[in-house]
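Data block for entry_14.cif (mmCIF, C-alpha atoms; chains and numbers go by the auth columns):
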```cif
data_query
#
loop_
_atom_site.group_PDB
_atom_site.id
_atom_site.type_symbol
_atom_site.label_atom_id
_atom_site.label_comp_id
_atom_site.label_asym_id
_atom_site.label_seq_id
_atom_site.Cartn_x
_atom_site.Cartn_y
_atom_site.Cartn_z
_atom_site.B_iso_or_equiv
_atom_site.auth_seq_id
_atom_site.auth_asym_id
ATOM 1 C CA MET A 1 50.868 -157.557 -25.637 0.00 299 A
ATOM 2 C CA SER A 2 48.626 -154.700 -26.595 0.00 300 A
ATOM 3 C CA GLY A 3 44.981 -155.164 -27.418 0.00 301 A
ATOM 4 C CA SER A 4 45.325 -153.499 -30.813 0.00 302 A
ATOM 5 C CA ASN A 5 47.837 -156.136 -31.961 0.00 303 A
ATOM 6 C CA VAL A 6 45.379 -158.892 -31.121 0.00 304 A
ATOM 7 C CA TRP A 7 42.668 -157.245 -33.194 0.00 305 A
ATOM 8 C CA SER A 8 45.046 -156.558 -36.078 0.00 306 A
ATOM 9 C CA ARG A 9 46.050 -160.216 -36.251 0.00 307 A
ATOM 10 C CA THR A 10 42.419 -161.303 -36.016 0.00 308 A
ATOM 11 C CA ARG A 11 41.368 -158.957 -38.823 0.00 309 A
ATOM 12 C CA GLU A 12 44.212 -160.235 -40.993 0.00 310 A
ATOM 13 C CA LYS A 13 43.117 -163.835 -40.443 0.00 311 A
ATOM 14 C CA LEU A 14 39.538 -162.943 -41.332 0.00 312 A
ATOM 15 C CA ARG A 15 40.681 -161.177 -44.500 0.00 313 A
ATOM 16 C CA ARG A 16 42.358 -164.400 -45.649 0.00 314 A
ATOM 17 C CA PHE A 17 39.276 -166.531 -44.997 0.00 315 A
ATOM 18 C CA PRO A 18 37.718 -166.128 -48.486 0.00 316 A
ATOM 19 C CA GLU A 19 40.969 -167.254 -50.117 0.00 317 A
ATOM 20 C CA LEU A 20 41.196 -170.271 -47.847 0.00 318 A
ATOM 21 C CA PHE A 21 37.546 -171.066 -48.443 0.00 319 A
ATOM 22 C CA ALA A 22 38.081 -170.939 -52.219 0.00 320 A
ATOM 23 C CA GLU A 23 40.933 -173.437 -51.932 0.00 321 A
ATOM 24 C CA CYS A 24 38.641 -175.823 -50.044 0.00 322 A
ATOM 25 C CA SER A 25 35.496 -175.479 -52.136 0.00 323 A
ATOM 26 C CA PHE A 26 35.197 -179.229 -52.792 0.00 324 A
ATOM 27 C CA GLU A 27 35.440 -180.085 -49.086 0.00 325 A
ATOM 28 C CA ALA A 28 33.099 -177.238 -48.136 0.00 326 A
ATOM 29 C CA ALA A 29 30.516 -178.429 -50.670 0.00 327 A
ATOM 30 C CA ALA A 30 30.739 -182.004 -49.384 0.00 328 A
ATOM 31 C CA TYR A 31 30.264 -180.841 -45.796 0.00 329 A
ATOM 32 C CA GLY A 32 27.355 -178.599 -46.789 0.00 330 A
ATOM 33 C CA LYS A 33 25.663 -181.424 -48.688 0.00 331 A
ATOM 34 C CA CYS A 34 26.066 -183.722 -45.705 0.00 332 A
ATOM 35 C CA VAL A 35 24.569 -181.176 -43.324 0.00 333 A
ATOM 36 C CA ALA A 36 21.693 -180.481 -45.715 0.00 334 A
ATOM 37 C CA ALA A 37 21.008 -184.189 -46.195 0.00 335 A
ATOM 38 C CA THR A 38 21.013 -184.972 -42.490 0.00 336 A
ATOM 39 C CA THR A 39 18.736 -182.075 -41.589 0.00 337 A
ATOM 40 C CA THR A 40 16.093 -182.552 -44.286 0.00 338 A
ATOM 41 C CA ASN A 41 12.660 -182.199 -42.632 0.00 339 A
ATOM 42 C CA LYS A 42 14.330 -181.666 -39.245 0.00 340 A
ATOM 43 C CA GLN A 43 15.188 -178.576 -37.265 0.00 341 A
ATOM 44 C CA GLU A 44 18.612 -179.516 -35.898 0.00 342 A
ATOM 45 C CA ILE A 45 21.768 -181.364 -36.763 0.00 343 A
ATOM 46 C CA LYS A 46 23.103 -184.086 -34.520 0.00 344 A
ATOM 47 C CA LYS A 47 26.730 -184.117 -33.459 0.00 345 A
ATOM 48 C CA ASP A 48 29.147 -186.250 -35.478 0.00 346 A
ATOM 49 C CA LEU A 49 26.757 -187.061 -38.333 0.00 347 A
ATOM 50 C CA CYS A 50 29.093 -185.245 -40.727 0.00 348 A
ATOM 51 C CA ALA A 51 32.315 -185.711 -38.772 0.00 349 A
ATOM 52 C CA LYS A 52 34.213 -187.220 -41.708 0.00 350 A
ATOM 53 C CA GLU A 53 33.305 -184.311 -44.002 0.00 351 A
ATOM 54 C CA PHE A 54 34.043 -181.761 -41.288 0.00 352 A
ATOM 55 C CA GLU A 55 37.477 -183.249 -40.628 0.00 353 A
ATOM 56 C CA ALA A 56 38.265 -183.129 -44.361 0.00 354 A
ATOM 57 C CA LEU A 57 37.254 -179.445 -44.456 0.00 355 A
ATOM 58 C CA LYS A 58 39.217 -178.650 -41.311 0.00 356 A
ATOM 59 C CA THR A 59 42.311 -180.380 -42.697 0.00 357 A
ATOM 60 C CA CYS A 60 41.988 -178.487 -45.962 0.00 358 A
ATOM 61 C CA PHE A 61 41.695 -175.128 -44.157 0.00 359 A
ATOM 62 C CA THR A 62 44.686 -175.969 -41.982 0.00 360 A
ATOM 63 C CA ASN A 63 46.823 -176.954 -44.949 0.00 361 A
ATOM 64 C CA ALA A 64 45.749 -173.908 -46.960 0.00 362 A
ATOM 65 C CA ALA A 65 46.549 -171.613 -44.033 0.00 363 A
ATOM 66 C CA LYS A 66 49.969 -173.203 -43.597 0.00 364 A
ATOM 67 C CA LYS A 67 50.737 -172.582 -47.272 0.00 365 A
ATOM 68 C CA ARG A 68 49.735 -168.908 -46.918 0.00 366 A
ATOM 69 C CA CYS A 69 51.921 -168.355 -43.867 0.00 367 A
ATOM 70 C CA GLN A 70 55.107 -169.705 -45.384 0.00 368 A
#
```
As a first step, turn the structure in this file into structure tokens.
Amino acid sequence: MSGSNVWSRTREKLRRFPELFAECSFEAAAYGKCVAATTTNKQEIKKDLCAKEFEALKTCFTNAAKKRCQ
């Protein structure tokens, strides 16, 4: 496998990211609100505080990507 093919595939995936993000705007907003709420007046986020919201966002991205690849 040549190195240029790896970079071409990576660039293509990154080009699709805004479309995938737009399809998951509700989940992204929920995750962002959770992160913002849990870090108010603090400097760091703790692991798993927003796990439910992150999983919903991850699932949405995965499903959106599957739709694009078909």
So that I can check the surroundings of Phe359 of chain A, please list as a PyMOL selection string every protein, DNA and RNA residue that reaches within 12 Å of it, counting all atoms listed in the file and ignoring chain neighbours fewer than 2 positions away.
chain A and resi 311+314-326+352-357+361-366
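Interatomic distance, atom CA of Ala349 of chain A to atom CA of Leu312 of chain A: 24.0 Å.
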Expand the PyMOL selection byres ((chain A and resi 332) around 12) into the explicit residue set it covers here, and present it as an MDAnalysis selection string.
chainID A and resid 325:331 333:338 343:344 346:352
Would you compute, for all listed atoms of segment 346-353 of chain A, the axis-aligned bounding box grown by 6 Å on each side, and then report its centre and edge lengths in Å rounded to one decimal, as JSON?
```
{"center_x": 32.1, "center_y": -184.5, "center_z": -39.7, "size_x": 22.7, "size_y": 17.5, "size_z": 20.5}
```
Working from the structure I just supplied, which lacks atoms in segment 305-324 of chain A, can you model N, CA, C and O atoms there and output them as a short mmCIF file (atom, residue, chain, number, x, y, z; two decimals), in the frame of the given file?
```
data_model
loop_
_atom_site.label_atom_id
_atom_site.label_comp_id
_atom_site.auth_asym_id
_atom_site.auth_seq_id
_atom_site.Cartn_x
_atom_site.Cartn_y
_atom_site.Cartn_z
N TRP A 305 43.72 -157.51 -32.21
CA TRP A 305 42.67 -157.24 -33.19
C TRP A 305 43.23 -157.15 -34.60
O TRP A 305 42.60 -157.58 -35.56
N SER A 306 44.42 -156.63 -34.75
CA SER A 306 45.05 -156.56 -36.08
C SER A 306 45.29 -157.95 -36.64
O SER A 306 45.02 -158.22 -37.81
N ARG A 307 45.81 -158.84 -35.81
CA ARG A 307 46.05 -160.22 -36.25
C ARG A 307 44.73 -160.92 -36.58
O ARG A 307 44.64 -161.65 -37.56
N THR A 308 43.72 -160.68 -35.77
CA THR A 308 42.42 -161.30 -36.02
C THR A 308 41.83 -160.82 -37.33
O THR A 308 41.33 -161.61 -38.12
N ARG A 309 41.89 -159.50 -37.56
CA ARG A 309 41.37 -158.96 -38.82
C ARG A 309 42.11 -159.53 -40.02
O ARG A 309 41.51 -159.85 -41.04
N GLU A 310 43.42 -159.67 -39.90
CA GLU A 310 44.21 -160.24 -40.99
C GLU A 310 43.79 -161.67 -41.28
O GLU A 310 43.66 -162.08 -42.43
N LYS A 311 43.58 -162.45 -40.25
CA LYS A 311 43.12 -163.84 -40.44
C LYS A 311 41.76 -163.87 -41.12
O LYS A 311 41.52 -164.69 -42.01
N LEU A 312 40.87 -162.98 -40.72
CA LEU A 312 39.54 -162.94 -41.33
C LEU A 312 39.60 -162.48 -42.79
O LEU A 312 38.80 -162.93 -43.61
N ARG A 313 40.52 -161.61 -43.11
CA ARG A 313 40.68 -161.18 -44.50
C ARG A 313 41.11 -162.33 -45.40
O ARG A 313 40.77 -162.37 -46.58
N ARG A 314 41.88 -163.26 -44.86
CA ARG A 314 42.36 -164.40 -45.65
C ARG A 314 41.31 -165.49 -45.79
O ARG A 314 41.45 -166.38 -46.64
N PHE A 315 40.26 -165.45 -45.01
CA PHE A 315 39.28 -166.53 -45.00
C PHE A 315 38.68 -166.82 -46.38
O PHE A 315 38.60 -167.99 -46.77
N PRO A 316 38.28 -165.81 -47.16
CA PRO A 316 37.72 -166.13 -48.49
C PRO A 316 38.69 -166.88 -49.39
O PRO A 316 38.28 -167.77 -50.14
N GLU A 317 39.97 -166.55 -49.31
CA GLU A 317 40.97 -167.25 -50.12
C GLU A 317 41.09 -168.71 -49.67
O GLU A 317 41.17 -169.62 -50.50
N LEU A 318 41.11 -168.91 -48.38
CA LEU A 318 41.20 -170.27 -47.85
C LEU A 318 39.95 -171.06 -48.22
O LEU A 318 40.03 -172.24 -48.59
N PHE A 319 38.81 -170.41 -48.11
CA PHE A 319 37.55 -171.07 -48.44
C PHE A 319 37.53 -171.48 -49.91
O PHE A 319 37.08 -172.57 -50.25
N ALA A 320 38.04 -170.62 -50.79
CA ALA A 320 38.08 -170.94 -52.22
C ALA A 320 38.96 -172.15 -52.50
O ALA A 320 38.65 -172.96 -53.37
N GLU A 321 40.04 -172.29 -51.75
CA GLU A 321 40.93 -173.44 -51.93
C GLU A 321 40.29 -174.74 -51.46
O GLU A 321 40.74 -175.82 -51.83
N CYS A 322 39.28 -174.63 -50.63
CA CYS A 322 38.64 -175.82 -50.04
C CYS A 322 37.18 -175.95 -50.50
O CYS A 322 36.35 -176.48 -49.76
N SER A 323 36.90 -175.49 -51.68
CA SER A 323 35.50 -175.48 -52.14
C SER A 323 34.90 -176.89 -52.24
O SER A 323 33.74 -177.10 -51.91
N PHE A 324 35.70 -177.86 -52.68
CA PHE A 324 35.20 -179.23 -52.79
C PHE A 324 34.81 -179.78 -51.42
O PHE A 324 33.73 -180.34 -51.24
#
```
